[in-house]
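Worksheet: the structure to be examined is printed underneath.
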Amino acid sequence: MTAEVRNSSPRRFTRRQRDAAWTCLRILIALPFVALIMIPLLYTFMMSVLPADELYVRFLPSHFDFNSYLQVFTKTMIPRHILNSFIVAGSVTILQMITCSMAAFAFAFLHFRGRNLVFMCILATMMVPWEATIISNYLTVSSWKWLNTYHVLILPYGCSAMGVFLMRQHYLTFAKELHEAARLDGCNNWRFLATIVIPLSRPALGALGAYIFLQQWNNYLWPLLVTSSDNVRTVQIGVASMYDVDSEQINLMMSAVVICLVPSLSIFVFMQKNLINGLMAGAVKG
Amino acid sequence: MSASRASASPAKRKTGGSRTFYERIEPWLFLLPAVIVFAIFLYFPFFKTMYLSTFLTDRVGQAVKFVAFKNYTDILSGTRSKEFWNSIWVTVRFVFFVTLGGITMGIITSLLTAKKFPGNAFASAIFAMPIAIASSAASMSFKMILHPSIGLLNKILGTRINWLNDIRYTFPVICILAIWLATGINFIFISAGFRNVPDELYESAAIDGANGWHKFLYITIPCISPTLFFQVIIDVINAFQTFNIVKILTLGGPMESTNTIVYSIYLDAFRNYRFGAAAARSIILFLIIMIITLIQFRAEGRSVHYQ
């Protein structure tokens, strides 16, 4: 393109000036889109620190009033809900890392009859939407008297097709000779998985873990259905039930929203690159 | 694909003699936890939902009386068909607008960050960020923003519109929030598609004298069509299953204008305790999603370009 331009009529601007103009244009167009994503979040934060007497008059607070955060931690059940969310999301993450690694190991390294069939059956579960199973699952766990427990929030998410698939894709990149060599040295499959494969797949496992944790931290419907007691309720349910436009409550509610966003946004910020690459690895071959 | 690579590698390695009993069951030991979870919480409930959909159920979901397809006919043409077809129409429009909007946002944000500029990394992080935001928490923020008397939007516009309770505005508002939430995943996958377009193609096109617009039309679009296709499927499936924002912001109203199929399933099962009827709705929704996915895969052959 540049070659062609150079041969045409004399230009009024140098190439550098043109590039600079394009960059400016790019930034100018990007700004509204960045604002579109940021404004709801900034607004939420502003509302959470707005002093109560300025609530109906201003958007930007004259000073930051963090009192409502203190109140969320001392006067509501949100701290308990946060603890519950950490317990549930943490347990699901660890559980899935284990079950997915094991299943993926069998699919990638071991040979057995029916391997492809079982793998297809697991992949097929990705196509079953949650609403096709959630009613029966609810009826099942309530008949088992599992409502209002931690395990009812954890065990149904004990494994995921996505996790098995991601880990298998990763294991397939390993050289077969590694497995052979380990066997010749008398290392059995369990030790091979635990001491060689898993340490070597830390980035993939990290991406999977971050993805599962985010998903669980943000989970709403299942906890809403199967819990009614504050002792096991998770933070999303707790926050969503705080809605009230009472002037005192607005601060409180918005602070709770900010508090429940902090863990997931920090995971996103710290794991961004790893997370995105991990997700891509699954999508490209999918 | 990679599956064939793995299965093609020789399974009959000569390790001397036949395999022991333990060696034969060992793979299944590795699979056991996964198989148990999938069997109990996916396969069993899926078939149980089909089973329940042919029964009249009591308030705790026990199958009471076999009614064959009565649950289905009630919904499709019987007493409750009006509400059901409305929910289908709402969902179809919702899926259409959210997918269209999501893909558009994905393409625009990807194009904006395709070339380096100061702040590129920051903008990319912001565009990807909605993947980490819980739809329930975001719905709470939007509930404040859209509040008729103290909300941000009415203050900016100088209006007093009841965004979440006015039949003209509620549906578009819900669509916009869904698009906002979907921006992250659309940006991540579509921008990766842009990055994977080989530079040589652009270079040879430049030598042939193609201008920027031609390059976009004849190189970029065909090269990212597999990505776009994949992303459309993801968006369609996600939009079909949107529940949280409807539950928190509108409860299906006003006048059922945001009563999606998924929300009507929730109402039927967990508010009205008509589990059999809700199961029938679930199966219909499952079939719709499956058929649409299959149609998309068939259409793929004709319109998507693979290198």
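Ordered as shown in the structure tokens, chains take letters A, B, and onward, while each chain numbers its residues from 1 and ligands are numbered from 1 in the order shown.
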Set out as a Markdown table a contact list for chain A and chain B with a cut-off of 6 Å, giving each residue of chain A that qualifies its closest atom pair and distance in Å to one decimal, counting only C-alpha atoms, ordered by chain and rising residue number.
| residue | atom | partner | partner_atom | distance |
| --- | --- | --- | --- | --- |
| A:Met1 | CA | B:Ala206 | CA | 5.3 |
| A:Thr44 | CA | B:Ser141 | CA | 6.0 |
| A:Thr99 | CA | B:Ala34 | CA | 5.7 |
| A:Met102 | CA | B:Phe30 | CA | 5.1 |
| A:Ala103 | CA | B:Leu31 | CA | 4.6 |
| A:Ala106 | CA | B:Pro27 | CA | 5.4 |
| A:His111 | CA | B:Ala11 | CA | 5.9 |
| A:Glu131 | CA | B:Ser282 | CA | 5.9 |
| A:Ala132 | CA | B:Ser282 | CA | 5.1 |
| A:Thr133 | CA | B:Phe46 | CA | 5.0 |
| A:Ser136 | CA | B:Pro45 | CA | 5.0 |
| A:Asn137 | CA | B:Pro45 | CA | 5.8 |
| A:Pro156 | CA | B:Phe41 | CA | 5.7 |
| A:Cys159 | CA | B:Ala34 | CA | 5.7 |
| A:Asn218 | CA | B:Ala134 | CA | 4.7 |
| A:Val257 | CA | B:Ala137 | CA | 5.7 |
| A:Ser264 | CA | B:Ala132 | CA | 5.7 |
| A:Leu265 | CA | B:Ala132 | CA | 5.9 |
Between A:Asn277, A:Gln272, A:Thr227, A:Gln249, which residue has the minimum interatomic distance to Lys145 (chain A), considering only C-alpha atoms?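 Counting only C-alpha atoms, the residue closest to Lys145 (chain A) is A:Thr227.
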Mind pulling up the distance from CA of Leu252 (chain A) to CA of Tyr69 (chain A)?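 Interatomic distance, CA of Tyr69 (chain A) to CA of Leu252 (chain A): 7.0 Å.
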Give me, please, the distance in Å between CA of Leu224 (chain A) and CA of Pro263 (chain A), quoted to one decimal. 20.2 Å
Can you tell me, as a ChimeraX atom specification, which residues in region 7-218 of chain A count as alpha helix (DSSP H) by DSSP? /A:7,15-49,67-75,78-109,115-124,134-143,151-154,161-171,176-184,189-192,198-200,202-217
Using only C-alpha atoms, which protein or nucleic acid residues come within 10 Å of Asn274 (chain A)? Drop anything in the same chain fewer than 6 positions from it, and give the result as number ranges by chain. A: 203-208, 210, 268, 280
Find the residues near His179 (chain A): any atom within 10 Å, counting only C-alpha atoms, skip ones fewer than 3 places away on the same chain, and give them as a PyMOL selection string. chain A and resi 109-110+174-176+182-185+187-189+192-193+196-197
File of the preceding selection, all heavy atoms, as a CSV table (one decimal), in the first residue's frame:
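Saved to out.csv:
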chain,number,residue,atom,x,y,z
A,109,PHE,N,-2.6,-41.0,27.8
A,109,PHE,CA,-1.4,-41.8,27.9
A,109,PHE,C,-1.7,-43.3,27.9
A,109,PHE,O,-0.9,-44.1,27.6
A,109,PHE,CB,-0.6,-41.5,29.2
A,109,PHE,CG,0.1,-40.2,29.1
A,109,PHE,CD1,-0.4,-39.1,29.7
A,109,PHE,CD2,1.4,-40.2,28.5
A,109,PHE,CE1,0.3,-37.9,29.7
A,109,PHE,CE2,2.1,-39.0,28.4
A,109,PHE,CZ,1.6,-37.9,29.1
A,110,LEU,N,-2.9,-43.7,28.3
A,110,LEU,CA,-3.2,-45.1,28.4
A,110,LEU,C,-4.0,-45.7,27.2
A,110,LEU,O,-4.7,-44.9,26.6
A,110,LEU,CB,-4.0,-45.4,29.7
A,110,LEU,CG,-3.3,-44.8,31.0
A,110,LEU,CD1,-4.2,-45.1,32.2
A,110,LEU,CD2,-1.9,-45.4,31.2
A,174,PHE,N,2.8,-33.8,25.1
A,174,PHE,CA,4.0,-34.4,25.7
A,174,PHE,C,4.5,-35.5,24.8
A,174,PHE,O,3.8,-36.2,24.1
A,174,PHE,CB,3.6,-35.1,27.0
A,174,PHE,CG,3.4,-34.1,28.2
A,174,PHE,CD1,3.0,-32.8,27.9
A,174,PHE,CD2,3.6,-34.5,29.5
A,174,PHE,CE1,2.8,-31.9,29.0
A,174,PHE,CE2,3.4,-33.7,30.5
A,174,PHE,CZ,3.0,-32.4,30.3
A,175,ALA,N,5.9,-35.7,24.8
A,175,ALA,CA,6.5,-36.8,24.0
A,175,ALA,C,6.1,-38.1,24.6
A,175,ALA,O,6.2,-38.3,25.9
A,175,ALA,CB,8.0,-36.6,24.0
A,176,LYS,N,5.7,-39.1,23.8
A,176,LYS,CA,5.4,-40.4,24.2
A,176,LYS,C,6.6,-41.1,25.0
A,176,LYS,O,6.5,-41.9,25.9
A,176,LYS,CB,5.0,-41.3,23.1
A,176,LYS,CG,3.7,-40.9,22.4
A,176,LYS,CD,2.5,-41.7,23.1
A,176,LYS,CE,1.2,-41.0,22.7
A,176,LYS,NZ,0.5,-40.3,23.7
A,182,ALA,N,9.8,-43.4,31.8
A,182,ALA,CA,9.4,-43.5,33.2
A,182,ALA,C,9.1,-45.0,33.5
A,182,ALA,O,9.4,-45.5,34.6
A,182,ALA,CB,8.3,-42.6,33.4
A,183,ARG,N,8.4,-45.6,32.6
A,183,ARG,CA,8.0,-47.0,32.9
A,183,ARG,C,9.2,-47.9,33.0
A,183,ARG,O,9.3,-48.8,33.8
A,183,ARG,CB,7.1,-47.5,31.7
A,183,ARG,CG,5.7,-47.0,31.8
A,183,ARG,CD,5.0,-47.4,30.5
A,183,ARG,NE,4.6,-48.8,30.6
A,183,ARG,CZ,3.4,-49.3,30.9
A,183,ARG,NH1,2.5,-48.4,31.2
A,183,ARG,NH2,3.2,-50.5,30.9
A,184,LEU,N,10.2,-47.7,32.1
A,184,LEU,CA,11.4,-48.5,32.1
A,184,LEU,C,12.1,-48.4,33.4
A,184,LEU,O,12.8,-49.3,33.9
A,184,LEU,CB,12.3,-48.2,30.9
A,184,LEU,CG,11.8,-48.7,29.6
A,184,LEU,CD1,12.7,-48.3,28.4
A,184,LEU,CD2,11.6,-50.2,29.6
A,185,ASP,N,12.0,-47.1,33.9
A,185,ASP,CA,12.7,-46.9,35.2
A,185,ASP,C,11.9,-47.4,36.4
A,185,ASP,O,12.2,-47.1,37.6
A,185,ASP,CB,12.9,-45.4,35.4
A,185,ASP,CG,14.1,-44.9,34.6
A,185,ASP,OD1,14.8,-45.8,34.1
A,185,ASP,OD2,14.2,-43.7,34.3
A,187,CYS,N,8.7,-46.6,37.1
A,187,CYS,CA,7.8,-45.6,37.7
A,187,CYS,C,6.4,-46.0,37.3
A,187,CYS,O,6.1,-46.1,36.1
A,187,CYS,CB,8.2,-44.3,37.2
A,187,CYS,SG,7.1,-42.9,37.7
A,188,ASN,N,5.5,-46.3,38.2
A,188,ASN,CA,4.1,-46.6,37.8
A,188,ASN,C,3.3,-45.4,37.4
A,188,ASN,O,3.8,-44.3,37.6
A,188,ASN,CB,3.4,-47.4,38.9
A,188,ASN,CG,3.1,-46.6,40.1
A,188,ASN,OD1,2.8,-45.4,40.0
A,188,ASN,ND2,3.1,-47.2,41.3
A,189,ASN,N,2.2,-45.6,36.8
A,189,ASN,CA,1.4,-44.5,36.2
A,189,ASN,C,1.0,-43.5,37.2
A,189,ASN,O,1.0,-42.3,36.9
A,189,ASN,CB,0.1,-45.1,35.6
A,189,ASN,CG,0.4,-45.8,34.2
A,189,ASN,OD1,1.4,-45.3,33.5
A,189,ASN,ND2,-0.3,-46.8,33.9
A,192,PHE,N,4.0,-41.4,37.9
A,192,PHE,CA,4.3,-40.7,36.7
A,192,PHE,C,3.4,-39.4,36.6
A,192,PHE,O,3.9,-38.3,36.4
A,192,PHE,CB,4.1,-41.6,35.5
A,192,PHE,CG,4.4,-40.9,34.2
A,192,PHE,CD1,5.7,-40.4,33.9
A,192,PHE,CD2,3.4,-40.7,33.3
A,192,PHE,CE1,5.9,-39.7,32.7
A,192,PHE,CE2,3.6,-40.1,32.1
A,192,PHE,CZ,4.9,-39.6,31.8
A,193,LEU,N,2.1,-39.6,36.9
A,193,LEU,CA,1.2,-38.5,36.8
A,193,LEU,C,1.5,-37.5,37.9
A,193,LEU,O,1.6,-36.3,37.6
A,193,LEU,CB,-0.3,-39.0,37.0
A,193,LEU,CG,-1.4,-38.0,37.1
A,193,LEU,CD1,-1.5,-37.2,35.8
A,193,LEU,CD2,-2.7,-38.6,37.4
A,196,ILE,N,5.7,-36.2,37.5
A,196,ILE,CA,6.2,-35.7,36.3
A,196,ILE,C,5.2,-34.9,35.5
A,196,ILE,O,5.4,-33.8,35.1
A,196,ILE,CB,6.8,-36.9,35.4
A,196,ILE,CG1,7.9,-37.6,36.2
A,196,ILE,CG2,7.3,-36.3,34.1
A,196,ILE,CD1,8.5,-38.8,35.5
A,197,VAL,N,4.0,-35.5,35.2
A,197,VAL,CA,3.0,-34.9,34.3
A,197,VAL,C,2.5,-33.6,34.9
A,197,VAL,O,2.5,-32.6,34.3
A,197,VAL,CB,1.9,-35.9,34.0
A,197,VAL,CG1,0.8,-35.2,33.1
A,197,VAL,CG2,2.5,-37.1,33.2
Between A:Tyr243, A:Glu177, A:Phe270, A:Met254, which is the closest to Met47 (chain A) once you count only C-alpha atoms? A:Met254
Run DSSP on the backbone and grab whatever in region 12-252 of chain B lands in strand (DSSP E); send it over as a compact mmCIF listing (two decimals) with all heavy atoms, in the first residue's frame.
# COMPACT_ATOMS: atom_id res chain seq x y z
N PHE B 55 -44.87 -37.28 32.82
CA PHE B 55 -45.66 -37.59 34.01
C PHE B 55 -46.31 -36.34 34.60
O PHE B 55 -45.81 -35.22 34.43
CB PHE B 55 -44.78 -38.22 35.10
CG PHE B 55 -44.58 -39.68 34.93
CD1 PHE B 55 -43.59 -40.16 34.10
CD2 PHE B 55 -45.40 -40.59 35.59
CE1 PHE B 55 -43.40 -41.52 33.93
CE2 PHE B 55 -45.21 -41.95 35.42
CZ PHE B 55 -44.21 -42.42 34.59
N LEU B 56 -47.39 -36.58 35.33
CA LEU B 56 -47.92 -35.56 36.21
C LEU B 56 -47.16 -35.72 37.52
O LEU B 56 -46.99 -36.83 38.00
CB LEU B 56 -49.42 -35.83 36.44
CG LEU B 56 -50.35 -34.64 36.51
CD1 LEU B 56 -50.27 -33.86 35.21
CD2 LEU B 56 -51.77 -35.12 36.75
N THR B 57 -46.70 -34.60 38.11
CA THR B 57 -45.89 -34.74 39.32
C THR B 57 -46.58 -34.06 40.50
O THR B 57 -47.41 -33.17 40.31
CB THR B 57 -44.52 -34.06 39.13
OG1 THR B 57 -44.73 -32.74 38.63
CG2 THR B 57 -43.66 -34.84 38.17
N ALA B 63 -43.14 -38.53 40.42
CA ALA B 63 -44.00 -38.84 39.30
C ALA B 63 -45.25 -39.53 39.82
O ALA B 63 -45.17 -40.53 40.52
CB ALA B 63 -43.27 -39.75 38.32
N VAL B 64 -46.42 -38.96 39.52
CA VAL B 64 -47.66 -39.50 40.06
C VAL B 64 -48.43 -40.30 39.02
O VAL B 64 -48.86 -41.41 39.26
CB VAL B 64 -48.56 -38.37 40.60
CG1 VAL B 64 -49.90 -38.92 41.05
CG2 VAL B 64 -47.86 -37.67 41.76
N LYS B 65 -48.59 -39.71 37.83
CA LYS B 65 -49.45 -40.38 36.86
C LYS B 65 -48.84 -40.20 35.48
O LYS B 65 -48.47 -39.09 35.08
CB LYS B 65 -50.84 -39.74 36.91
CG LYS B 65 -51.88 -40.47 36.10
CD LYS B 65 -53.24 -39.84 36.30
CE LYS B 65 -54.11 -40.14 35.08
NZ LYS B 65 -54.78 -38.96 34.58
N PHE B 66 -48.75 -41.31 34.75
CA PHE B 66 -48.21 -41.25 33.40
C PHE B 66 -49.21 -40.57 32.47
O PHE B 66 -50.37 -40.97 32.41
CB PHE B 66 -47.90 -42.66 32.89
CG PHE B 66 -47.35 -42.68 31.50
CD1 PHE B 66 -46.07 -42.20 31.24
CD2 PHE B 66 -48.11 -43.16 30.45
CE1 PHE B 66 -45.56 -42.21 29.95
CE2 PHE B 66 -47.59 -43.17 29.15
CZ PHE B 66 -46.31 -42.70 28.92
Excluding Phe194 (chain B) and residues on its chain fewer than 5 positions from it, collect all residues at most 8 Å away from it, counting only C-alpha atoms, and give them as a count of residues only. 4
May I ask for the distance between CA of Leu70 (chain A) and CA of Ile259 (chain A), given in Å to one decimal place?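 CA of Ile259 (chain A) lies at a distance of 11.2 Å from CA of Leu70 (chain A).
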